[in-house]
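See below for the structure under consideration.
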Protein chains: 4
Amino acid sequence: MKALQFHQTQRCLLSADELGCLQGSGHQPADRPEEECGVIGIFHPDTDVAPLLYLGLFALQHRGQESAGITISTGQALAGHRGMGLVQTVLTDEVLDTLRGRMGIGHVRYSTTGSSHISNSQPLMARCASGQWALAHNGNLVNAESLRQEMMSRGAVFQTTTDSEVILNLAAWLNPHSLPDAAAKAANMLQGGYALALMDRKQLVGLRDPNGIRPLCVGAIGDGYILASESCAITNLKGKVLREIAPGEMVVIDENGVHFQQAVAPRANALCSFEYIYFARPDSVIGGRSAYAVRKAIGYQLAQEYRVDVDVVIGAPDSGITAALGYAQAAGIPYEVGLLKNRYIGRTFIQPHQQLRDLGVQIKLNPIAEVLRDKRVLVIDDSIVRGTTSARMVQMIRSAGAASVHMAVASPPYRFPCYYGIDTSAGADLIACNRSEQEIAQLIGVDSLHYLSQDGLVEAVGLGTGQLCLACFSGEYPVLAQGQIDKRRMERIQI
Amino acid sequence: MKALQFHQTQRCLLSADELGCLQGSGHQPADRPEEECGVIGIFHPDTDVAPLLYLGLFALQHRGQESAGITISTGQALAGHRGMGLVQTVLTDEVLDTLRGRMGIGHVRYSTTGSSHISNSQPLMARCASGQWALAHNGNLVNAESLRQEMMSRGAVFQTTTDSEVILNLAAWLNPHSLPDAAAKAANMLQGGYALALMDRKQLVGLRDPNGIRPLCVGAIGDGYILASESCAITNLKGKVLREIAPGEMVVIDENGVHFQQAVAPRANALCSFEYIYFARPDSVIGGRSAYAVRKAIGYQLAQEYRVDVDVVIGAPDSGITAALGYAQAAGIPYEVGLLKNRYIGRTFIQPHQQLRDLGVQIKLNPIAEVLRDKRVLVIDDSIVRGTTSARMVQMIRSAGAASVHMAVASPPYRFPCYYGIDTSAGADLIACNRSEQEIAQLIGVDSLHYLSQDGLVEAVGLGTGQLCLACFSGEYPVLAQGQIDKRRMERIQI
Amino acid sequence: MKALQFHQTQRCLLSADELGCLQGSGHQPADRPEEECGVIGIFHPDTDVAPLLYLGLFALQHRGQESAGITISTGQALAGHRGMGLVQTVLTDEVLDTLRGRMGIGHVRYSTTGSSHISNSQPLMARCASGQWALAHNGNLVNAESLRQEMMSRGAVFQTTTDSEVILNLAAWLNPHSLPDAAAKAANMLQGGYALALMDRKQLVGLRDPNGIRPLCVGAIGDGYILASESCAITNLKGKVLREIAPGEMVVIDENGVHFQQAVAPRANALCSFEYIYFARPDSVIGGRSAYAVRKAIGYQLAQEYRVDVDVVIGAPDSGITAALGYAQAAGIPYEVGLLKNRYIGRTFIQPHQQLRDLGVQIKLNPIAEVLRDKRVLVIDDSIVRGTTSARMVQMIRSAGAASVHMAVASPPYRFPCYYGIDTSAGADLIACNRSEQEIAQLIGVDSLHYLSQDGLVEAVGLGTGQLCLACFSGEYPVLAQGQIDKRRMERIQI
Amino acid sequence: MKALQFHQTQRCLLSADELGCLQGSGHQPADRPEEECGVIGIFHPDTDVAPLLYLGLFALQHRGQESAGITISTGQALAGHRGMGLVQTVLTDEVLDTLRGRMGIGHVRYSTTGSSHISNSQPLMARCASGQWALAHNGNLVNAESLRQEMMSRGAVFQTTTDSEVILNLAAWLNPHSLPDAAAKAANMLQGGYALALMDRKQLVGLRDPNGIRPLCVGAIGDGYILASESCAITNLKGKVLREIAPGEMVVIDENGVHFQQAVAPRANALCSFEYIYFARPDSVIGGRSAYAVRKAIGYQLAQEYRVDVDVVIGAPDSGITAALGYAQAAGIPYEVGLLKNRYIGRTFIQPHQQLRDLGVQIKLNPIAEVLRDKRVLVIDDSIVRGTTSARMVQMIRSAGAASVHMAVASPPYRFPCYYGIDTSAGADLIACNRSEQEIAQLIGVDSLHYLSQDGLVEAVGLGTGQLCLACFSGEYPVLAQGQIDKRRMERIQI
């Protein structure tokens, strides 16, 4: 394996021209960042873990609605089930009842229009020389393709285009006889942001990328242990959060307990800032900070940076609500529910009939005229990606009779693509890619607009400087992407 | 038809012993009142109405999630589609594209565990001497069974046990040659709370019960008209609300325009008060009052009736949110999001595995410890039915570290069953049936408890006294139920 | 009810111009007569009948593949299940296990492209004054529409356009208090060919039309009884065939045993001759004659009427096989399997892709070149409807190398539509409608062609003259059709 | 790769005790040999091949009903679709329309109760260094497990337990840069009976095992070529059969035409004799002999070996029909249809309800009493595996009134398991494993019984001695099985 050559990784600064403002891929993205996945792993000496995995995944459902799956070990063999759809759809009681074992891992995958197929669902299972292995992962490698090419040149074959298959094949190639050793060796070759849950018949392994881009924490439940992307999965199971796994750290859980080891040398901390802004469930604690508290602090911060004379503060449902409450409290302006999210818009929601689109009808949000009529309104949203949703929302508030509409955004301008596991528009689709605040305000139709400053974001998060990945705002990437990586490039080579 | 004898209807007062506190029916009710249905009807001279009906029903989805359906007139014939599930599931673009016509009606039906079957879905279609008729209705008759028996004794046959089939057969029997005349005649024989949308090939008919128990309003859209259970269906379609249909009034819409007539003499106004408390969408206006405004006014009213020394006010999602905001503003106490509703709990949600139930896990609501820890908390909920949900919620708030938990309820004690279209527990299941406020506080585990007074409710609604049906609080029924009517009694006679 | 006026029925002879040679209805018919339905009823004092009904329907599956259903009486109530598809698809073990009762009826419905909908499936269930009734029927009324109109003018409503709903409503109207009396009274008003199985909670009723057009027989099983369209359902259940129900006769089966009564005066016997030619299963006995024996006798008869000098006799699968064997034995010419029917062509078979149709590929039948190459071939088919299938088959035999191809048809020329329950082309689609044998031979491409004579058919059946309905060959209809009845006329009025 | 050690292959004779008469595997086998699969490959320069693959697979449907799939090359990439069920179910027009390309392969897989899963369906697709490859194969390797173990010890991982994945991984390992070279190299390491269709973007490769156990032929269609398991797939597509691929031969088809090469040295010819007896469609030609002709010759041969004084000769449907016709013609005894196969018993047929099994009802076959009553009957069946089906059939013929029942079997006694792709009982389940003809006659209840002699079989096939695999009759295996191979052994290690 010495012959395998990997590109040197380095902290880099690319200009928006070079990196971000490129043409989109034809894939129709959601107008909001989309988390890639959530992972969980449970070892419990006294009970079947399948129902616990179900509940843990249910708590992580916001991290992925496209597919769900679990794999358990019976002690003798691994067995699993995965499918398209929500956790409750895929993991029925019948499924849970057939998957009996004291150790297992689980996965939810994000929902987007492209590349939705069962073969992309996880956990991935495979047999190697030491028996069966399974893998669930969140994140994105920036060197998956070069690893795949190298292995294929030596005779390996791949049945999918997923990072998961690369990771599992690479690990087995590095050491098919020991999962922890294989995982640790692989960690030194994988580049990108990732949080992994792996298992064989006897051991549960957790692994977090050396920059700590994607979150992963460990908790205790009874005499057992839980690995999870977010703490809410642990608390929902009435477990106790022990601590977050450190960047580059590996945890091995088996009958002998929990063992931590530094699998790969840690690099500059770069926790994804969108975990705080949007992804994490409000009751999750990441980096020691509650997501709810950070969002309220963002509201306070916005009130300091941008004081506007309005009658009412409202939040864009659901993700702007907490920051709006924070702003309202800090500024002493009444908070109201001015926009109602239709609670029947689910993941299977079908865009309305052409005739309705021609009428320009809105159905995801409903304005409450009682609140907005003749009022000067400040609306707070978590982020602006392409801006189309924002423009429609502003239009709706005006139609309900608002005297003026101002907007504060709970994050800095989103200008650069993410290569570490967030699915969003390519550069040119990003409204902030090369526009000023004023130009954007005009495009989305607000009387005034303010984005949270980068410093304000760092201040609200409260971890100190240099702890967050701000690449999508600043273009400073903690891990070099090998060229303009489009994760769908491989998928266009259909298999 | 003179021979048909119907029971005299009168305003009555039954004691809780006589009427309400009876044993449940074996049907497992939701721990919340459930609306029966929503109806809509559209006549539009210039465009196909099927997509408009779709959007209108989507706006009324909160009134029923079990089944959906529409019927349209091509001018020559009626055609329809109905199915189990949400509007977006049943009424696909393919379905809408096959239903071409300028007039139609639609229906959504509520979701409950019993009696869920496609044969209960609406609109109901049938042929009679003057051609095809269709019916969609919301509400419940108290004399359906006696009407059915009378018609069967004359040779009629019934294929379902629904009120709808009784109404349609009765109307055709009374006058098979004119739908408006048949509907008006039937209105004089039907007893209970109802809002109907009927149609033949040429005419759209709306009808509201003489007490005005169930709501129904009419709006204009382009050169056409809309009938709908709630105004939000009209505003979502960018239509203009004209007015509410009066108790006992019938409206006939056709090429000649809109014609109102008093089909049956109006009786004491008795609009269902739960429309304001819980059912209606916040952006709907009923009786001239916005549901959002009434709920905030209820919060103000609660703050007047019950001032408690707490650190934070939270609402039980989603229905307690607005009253909680009102209370917080009136009392000058911070409002926070203390409980998070899991947004992936849908109508297909499967109760968690037995193993999880044994662990006592909660997954519908998640407490935000950041908000609740060491705080004195006031939680506001819309109503308490059986109390089990409330008890679990209080327990959850305490587990998250609250120093004390107080509860204010946005309605008076729910003590008597509804016979006019709301599905809830039978008497003995109602926690307030024969218990004091203190006993209830103890049962659900709060430090203090306050129910909104009946006067306070009337005040907050603001329509003046004697305009609301308060039967479920007071036992004073505007229409006499013939014995203890269990609407599932007929359904037990399976067909 | 005296006021109901019905058209006088009389034996009539219409010319082909008047009656048959009319334009088709737009419905794409199968190129073979299609039986409408099969019915069964079982009363068994000692065991649940649902599994027996399942097996009986399975034996009658050839009479209808579109939908299946059963209804049973628990003694207290009726319960049923019906669905689209084959018996084995609809009536799963789970369904059978929930339908517990000692008496029941069942139905299979034919498969055709038009009017395929669950609402047309049977048994039909309804409640009337004396409780629940259910009906399964085979056949077609010629006065269904006038009966429906009459009842609608009196206020009745209809939810489907089926004959079944007319029969059930008419019966309940005539006497809602006694099923046997209602059925007998209805029998005097129904015109057409029909075999009915009816039931209430206590009694099972069988009824056959006064001309005996559609078959119905009764058998014993244990201490119980079976009604069935064909004897094969009885023998498959290891029951004993008692006798066929006579034209116009009604049989009532209950705890007191079997009672026969003449419900309506019998008219000229007119058993459908296609039951022998094509519909009935070879092991069924109708009118005392085995279908297999009649088909072999038809082969003998063809050999007498039409001796052609060939090397091999083959049958068109499956229905020409038996007559071909008979011909080969009578003529002393070798019988071979020259055409193989693809056994994977099921009812869900999808017509091949356009590209394949352009290639003219055949996939339903495969010629065995070994048998046909350089041979003079006589192929025997049961009937020719539109002729397209025959032409393709002849072409296929020639392509496989046959030196010459001759055809004998096991029935007389099919020239007139059936109004009593057989679905086939309207007149103008019938190749024999106004063409000579020679013209037809040319159209389908055979060297010579012979149709069985009407006398030959009567001789082969062996019941004596005047016992068969030969209307589709002769145009002499035993029951007058009220105008040109298109049974799909009503269905075009979609409901 | 030199280090890979494979077991020497040799012709061997194991005793029934050693090899065959072992306990079954718990898998409930069909009472008839089951073919594993059918394969097809088409290269057509002028047209999309997906519809042609569909039709070819439809013609091969008898070789496998469990799953179906095709893969095509667009020239740039491979794309495919596979699913559970019949060809017509899986390969809808929508699927065919999305798979546009001039080259492709297809596969049907057999239906049995065990190991039915989509992951076992084919073609298998994978990416290796030279791009995408796809594989469809029929047959069974006897050294799959040792190949897999060897590769896993070098770091390979496997996602299924199928032979297909072993073949594809082995080939890529041997030469990831050239599919034909990789296939030829792999052929020298694979042991067992197999027929393969492989492809990359540009080349279609066919390969047949060195003993020629499984059939594979090549034909021309337009300016293109077809590979297929049986000639019927070629003739159904109106193609021209060129020749059969020789044992150990490889054919490569691309823009430059067809190239044959001997990939591996041929060994003793051993074409599966059951292809003639049972598997092949009657209109297929294998080894230059029509399956229909061989079956008739078997009938003649049986008439020479075993002349019994009966009134009628019948065939067990469907596979005994042709031999019965041959016997009847040779012996001058009338052939009749005495047993009717229910044409609605499909692959989804559900075994009848327990209550029906208790009644001992038969529904797959129906006796025609008219033919059997009071007759001395000779029934001819293709083979006897476990004997249970035969015993039930004999019982049925007797119940229909037969005076005596004799049986002739169109193959020698089936005594040894097959390791080359036929799924049947393990040894001890085989009724002939260690019983005499007389004992078997008694067990299945016939008055006399005769099995075709091995010499008689060779004579009827007419290829000369030493050309057929007779291992299941003689125990002389052309390729040594490595121990008692249970192909489900690996599948018990669930993945």
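In the structure tokens, chains take letters A, B, ... by order of appearance, with residues numbered from 1 within each chain and ligands from 1 in the order shown.
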
Which residues of chain C have any atom within 8 Å of an atom in chain D when counting only C-alpha atoms, and what is the closest pair of atoms for each, with the distance in Å to one decimal? Order the rows by chain and rising number and write it as a tab-separated table.
```
residue	atom	partner	partner_atom	distance
C:Pro51	CA	D:His353	CA	6.3
C:Leu52	CA	D:Leu356	CA	7.2
C:Leu55	CA	D:Leu356	CA	7.9
C:Ala59	CA	D:Ile363	CA	7.8
C:Gln61	CA	D:Tyr344	CA	7.4
C:Gln88	CA	D:Ile350	CA	6.4
C:Thr92	CA	D:Ile350	CA	7.9
C:Asp93	CA	D:His353	CA	6.1
C:Asn236	CA	D:Val361	CA	7.1
C:Leu237	CA	D:Val361	CA	6.8
C:Lys238	CA	D:Val361	CA	7.5
C:Pro282	CA	D:Ile368	CA	7.1
C:Asp283	CA	D:Ile368	CA	5.0
C:Ser290	CA	D:Glu370	CA	7.0
C:Tyr292	CA	D:Glu370	CA	7.2
C:Ala293	CA	D:Glu370	CA	6.9
C:Thr322	CA	D:Val337	CA	7.7
C:Leu325	CA	D:Glu336	CA	7.5
C:Gln329	CA	D:Pro334	CA	8.0
C:Pro334	CA	D:Gln329	CA	8.0
C:Glu336	CA	D:Leu325	CA	7.5
C:Val337	CA	D:Thr322	CA	7.7
C:Tyr344	CA	D:Gln61	CA	7.4
C:Phe349	CA	D:Gln88	CA	6.5
C:Ile350	CA	D:Gln88	CA	6.4
C:Pro352	CA	D:Asp93	CA	7.9
C:His353	CA	D:Asp93	CA	6.0
C:Gln355	CA	D:Pro51	CA	6.7
C:Leu356	CA	D:Pro51	CA	6.6
C:Val361	CA	D:Leu237	CA	6.8
C:Gln362	CA	D:Asn236	CA	7.4
C:Ile363	CA	D:Asn236	CA	7.4
C:Asn366	CA	D:Asp283	CA	7.6
C:Pro367	CA	D:Asp283	CA	7.2
C:Ile368	CA	D:Asp283	CA	5.0
C:Ala369	CA	D:Asp283	CA	6.9
C:Glu370	CA	D:Ala293	CA	6.9
```

Create the file for the chosen residues now, containing N, CA, C and O atoms and written as a tab-separated table (two decimals), in the first residue's frame.
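File produced: selection38.tsv:
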```tsv
chain	number	residue	atom	x	y	z
C	51	PRO	N	-63.12	-20.74	3.66
C	51	PRO	CA	-62.14	-21.48	2.85
C	51	PRO	C	-62.81	-22.31	1.75
C	51	PRO	O	-62.24	-22.48	0.67
C	52	LEU	N	-64.00	-22.81	2.01
C	52	LEU	CA	-64.71	-23.58	0.98
C	52	LEU	C	-65.13	-22.65	-0.17
C	52	LEU	O	-65.04	-23.03	-1.34
C	55	LEU	N	-62.12	-22.03	-2.34
C	55	LEU	CA	-61.80	-23.13	-3.25
C	55	LEU	C	-62.82	-23.23	-4.39
C	55	LEU	O	-62.47	-23.48	-5.54
C	59	ALA	N	-62.14	-22.79	-8.43
C	59	ALA	CA	-62.56	-23.71	-9.49
C	59	ALA	C	-63.36	-22.97	-10.57
C	59	ALA	O	-63.45	-23.44	-11.70
C	61	GLN	N	-62.64	-19.82	-11.43
C	61	GLN	CA	-61.79	-18.69	-11.82
C	61	GLN	C	-61.84	-18.42	-13.32
C	61	GLN	O	-61.74	-17.27	-13.75
C	88	GLN	N	-56.91	-15.99	-5.55
C	88	GLN	CA	-55.80	-16.20	-4.62
C	88	GLN	C	-55.16	-14.90	-4.18
C	88	GLN	O	-54.54	-14.83	-3.12
C	92	THR	N	-56.85	-13.86	0.73
C	92	THR	CA	-55.71	-14.41	1.44
C	92	THR	C	-56.16	-15.16	2.68
C	92	THR	O	-57.30	-15.02	3.14
C	93	ASP	N	-55.27	-15.93	3.25
C	93	ASP	CA	-55.59	-16.64	4.48
C	93	ASP	C	-56.01	-15.68	5.59
C	93	ASP	O	-56.90	-15.98	6.39
C	236	ASN	N	-64.74	-30.26	-7.04
C	236	ASN	CA	-63.44	-29.87	-6.48
C	236	ASN	C	-63.47	-29.82	-4.96
C	236	ASN	O	-62.46	-30.02	-4.31
C	237	LEU	N	-64.65	-29.52	-4.41
C	237	LEU	CA	-64.81	-29.50	-2.96
C	237	LEU	C	-65.16	-30.88	-2.41
C	237	LEU	O	-65.54	-31.01	-1.25
C	238	LYS	N	-65.07	-31.90	-3.27
C	238	LYS	CA	-65.42	-33.27	-2.89
C	238	LYS	C	-66.88	-33.38	-2.48
C	238	LYS	O	-67.23	-34.23	-1.65
C	282	PRO	N	-63.60	-28.21	-18.76
C	282	PRO	CA	-63.85	-29.51	-19.38
C	282	PRO	C	-64.43	-30.55	-18.42
C	282	PRO	O	-65.19	-31.43	-18.84
C	283	ASP	N	-64.10	-30.45	-17.13
C	283	ASP	CA	-64.62	-31.45	-16.19
C	283	ASP	C	-65.98	-31.07	-15.61
C	283	ASP	O	-66.48	-31.78	-14.72
C	290	SER	N	-71.06	-33.79	-20.13
C	290	SER	CA	-69.70	-33.33	-19.82
C	290	SER	C	-69.20	-32.41	-20.93
C	290	SER	O	-69.33	-32.71	-22.12
C	292	TYR	N	-66.19	-31.86	-21.72
C	292	TYR	CA	-65.13	-32.55	-22.46
C	292	TYR	C	-65.73	-33.45	-23.52
C	292	TYR	O	-65.31	-33.46	-24.68
C	293	ALA	N	-66.77	-34.20	-23.14
C	293	ALA	CA	-67.43	-35.13	-24.08
C	293	ALA	C	-68.06	-34.36	-25.23
C	293	ALA	O	-67.96	-34.77	-26.40
C	322	THR	N	-59.38	-30.18	-27.38
C	322	THR	CA	-60.23	-31.36	-27.24
C	322	THR	C	-60.94	-31.69	-28.56
C	322	THR	O	-61.00	-32.87	-28.96
C	325	LEU	N	-58.42	-33.32	-30.81
C	325	LEU	CA	-58.23	-34.74	-30.48
C	325	LEU	C	-59.37	-35.58	-31.05
C	325	LEU	O	-59.16	-36.66	-31.60
C	329	GLN	N	-58.94	-38.50	-33.89
C	329	GLN	CA	-59.36	-39.88	-33.64
C	329	GLN	C	-60.38	-40.34	-34.68
C	329	GLN	O	-60.32	-41.45	-35.20
C	334	PRO	N	-52.77	-38.14	-37.41
C	334	PRO	CA	-52.03	-37.90	-36.15
C	334	PRO	C	-52.34	-36.55	-35.53
C	334	PRO	O	-52.39	-35.53	-36.23
C	336	GLU	N	-50.99	-33.68	-32.99
C	336	GLU	CA	-49.72	-33.22	-32.43
C	336	GLU	C	-49.92	-31.88	-31.71
C	336	GLU	O	-50.90	-31.18	-31.94
C	337	VAL	N	-48.92	-31.55	-30.87
C	337	VAL	CA	-48.89	-30.22	-30.26
C	337	VAL	C	-48.08	-29.31	-31.19
C	337	VAL	O	-46.86	-29.34	-31.18
C	344	TYR	N	-46.67	-17.96	-19.31
C	344	TYR	CA	-46.44	-16.78	-18.47
C	344	TYR	C	-47.24	-15.57	-18.94
C	344	TYR	O	-47.02	-14.46	-18.49
C	349	PHE	N	-50.56	-9.41	-18.12
C	349	PHE	CA	-49.59	-9.33	-19.21
C	349	PHE	C	-49.69	-7.98	-19.91
C	349	PHE	O	-50.77	-7.52	-20.28
C	350	ILE	N	-48.55	-7.39	-20.10
C	350	ILE	CA	-48.51	-6.10	-20.77
C	350	ILE	C	-48.13	-6.31	-22.23
C	350	ILE	O	-47.16	-7.00	-22.54
C	352	PRO	N	-46.47	-6.06	-25.63
C	352	PRO	CA	-45.05	-5.73	-25.79
C	352	PRO	C	-44.85	-4.31	-26.33
C	352	PRO	O	-45.73	-3.71	-26.93
C	353	HIS	N	-43.67	-3.84	-26.06
C	353	HIS	CA	-43.17	-2.52	-26.45
C	353	HIS	C	-43.42	-2.26	-27.95
C	353	HIS	O	-43.39	-3.16	-28.76
C	355	GLN	N	-41.66	-1.12	-30.21
C	355	GLN	CA	-40.59	-1.60	-31.08
C	355	GLN	C	-40.79	-3.07	-31.44
C	355	GLN	O	-40.50	-3.50	-32.55
C	356	LEU	N	-41.32	-3.83	-30.48
C	356	LEU	CA	-41.57	-5.25	-30.73
C	356	LEU	C	-42.80	-5.42	-31.62
C	356	LEU	O	-42.84	-6.30	-32.48
C	361	VAL	N	-43.58	-9.26	-33.69
C	361	VAL	CA	-43.30	-10.47	-32.91
C	361	VAL	C	-44.56	-11.01	-32.24
C	361	VAL	O	-45.46	-10.27	-31.88
C	362	GLN	N	-44.61	-12.32	-32.13
C	362	GLN	CA	-45.71	-13.02	-31.49
C	362	GLN	C	-45.18	-13.60	-30.20
C	362	GLN	O	-44.14	-14.24	-30.21
C	363	ILE	N	-45.89	-13.43	-29.12
C	363	ILE	CA	-45.35	-14.08	-27.94
C	363	ILE	C	-46.37	-14.90	-27.17
C	363	ILE	O	-46.00	-15.66	-26.32
C	366	ASN	N	-46.30	-20.05	-29.52
C	366	ASN	CA	-45.04	-20.38	-30.18
C	366	ASN	C	-45.25	-21.63	-31.02
C	366	ASN	O	-45.69	-22.66	-30.51
C	367	PRO	N	-44.92	-21.59	-32.31
C	367	PRO	CA	-45.07	-22.77	-33.17
C	367	PRO	C	-43.91	-23.73	-32.93
C	367	PRO	O	-42.79	-23.29	-32.66
C	368	ILE	N	-44.18	-25.00	-33.00
C	368	ILE	CA	-43.11	-25.99	-32.89
C	368	ILE	C	-42.76	-26.43	-34.30
C	368	ILE	O	-43.49	-27.23	-34.92
C	369	ALA	N	-41.66	-25.90	-34.81
C	369	ALA	CA	-41.29	-26.13	-36.21
C	369	ALA	C	-41.17	-27.62	-36.52
C	369	ALA	O	-41.57	-28.09	-37.59
C	370	GLU	N	-40.64	-28.35	-35.57
C	370	GLU	CA	-40.48	-29.82	-35.70
C	370	GLU	C	-41.78	-30.49	-36.16
C	370	GLU	O	-41.75	-31.46	-36.91
```

Near-Ile40 of chain C list (10 Å; only C-alpha atoms; drop same-chain fewer than 6 positions) as a ChimeraX atom specification: /C:52-54,56-57,60,70,104-108,136-137,195-198,206,216-218,226-230,233-234

Could you save the residues just selected, with C-alpha atoms, as a PDB file, in the first residue's frame?
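Below is the file that was written, out-v4.pdb:
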```pdb
ATOM      1  CA  LEU C  52     -64.708 -23.578   0.978  1.00  0.00           C
ATOM      2  CA  LEU C  53     -65.952 -20.504  -0.872  1.00  0.00           C
ATOM      3  CA  TYR C  54     -62.342 -19.716  -1.726  1.00  0.00           C
ATOM      4  CA  GLY C  56     -65.109 -23.061  -5.061  1.00  0.00           C
ATOM      5  CA  LEU C  57     -64.296 -19.684  -6.571  1.00  0.00           C
ATOM      6  CA  LEU C  60     -64.710 -21.027 -11.172  1.00  0.00           C
ATOM      7  CA  ILE C  70     -67.099 -13.389  -0.618  1.00  0.00           C
ATOM      8  CA  GLY C 104     -71.772 -17.437   2.590  1.00  0.00           C
ATOM      9  CA  ILE C 105     -71.762 -16.513  -1.075  1.00  0.00           C
ATOM     10  CA  GLY C 106     -68.959 -15.702  -3.467  1.00  0.00           C
ATOM     11  CA  HIS C 107     -68.343 -14.215  -6.870  1.00  0.00           C
ATOM     12  CA  VAL C 108     -65.718 -13.884  -9.580  1.00  0.00           C
ATOM     13  CA  ALA C 136     -73.806 -12.298  -6.241  1.00  0.00           C
ATOM     14  CA  HIS C 137     -74.968 -12.650  -9.792  1.00  0.00           C
ATOM     15  CA  ALA C 195     -78.077 -16.903 -12.053  1.00  0.00           C
ATOM     16  CA  LEU C 196     -78.253 -15.394  -8.572  1.00  0.00           C
ATOM     17  CA  ALA C 197     -76.952 -16.297  -5.132  1.00  0.00           C
ATOM     18  CA  LEU C 198     -78.528 -14.191  -2.370  1.00  0.00           C
ATOM     19  CA  GLY C 206     -80.415 -19.423  -5.487  1.00  0.00           C
ATOM     20  CA  LEU C 216     -76.687 -22.936 -11.851  1.00  0.00           C
ATOM     21  CA  CYS C 217     -76.543 -26.231  -9.972  1.00  0.00           C
ATOM     22  CA  VAL C 218     -76.836 -27.443  -6.411  1.00  0.00           C
ATOM     23  CA  ILE C 226     -73.526 -25.738  -2.347  1.00  0.00           C
ATOM     24  CA  LEU C 227     -74.885 -23.566  -5.118  1.00  0.00           C
ATOM     25  CA  ALA C 228     -72.526 -23.026  -8.038  1.00  0.00           C
ATOM     26  CA  SER C 229     -72.420 -21.837 -11.628  1.00  0.00           C
ATOM     27  CA  GLU C 230     -70.642 -25.050 -12.641  1.00  0.00           C
ATOM     28  CA  ALA C 233     -66.814 -26.191  -8.084  1.00  0.00           C
ATOM     29  CA  ILE C 234     -68.811 -28.887  -6.304  1.00  0.00           C
TER      30      ILE C 234
END
```

Shell of 6 Å around Gly139 of chain D, only C-alpha atoms, local chain residues under 5 positions omitted, as a PyMOL selection string: chain D and resi 193-194+420-421

Atom CA of Ala129 of chain D to atom CA of Ala172 of chain A, distance in Å rounded to a single decimal: 18.5 Å

Distance of atom CA of Asp200 of chain A from atom CA of Gly75 of chain A, expressed in Å to one decimal place: 9.2 Å

Segment 276-428 of chain D: residues DSSP assigns to alpha helix (DSSP H), reported as a PyMOL selection string: chain D and resi 291-305+321-331+354-358+369-372+388-399
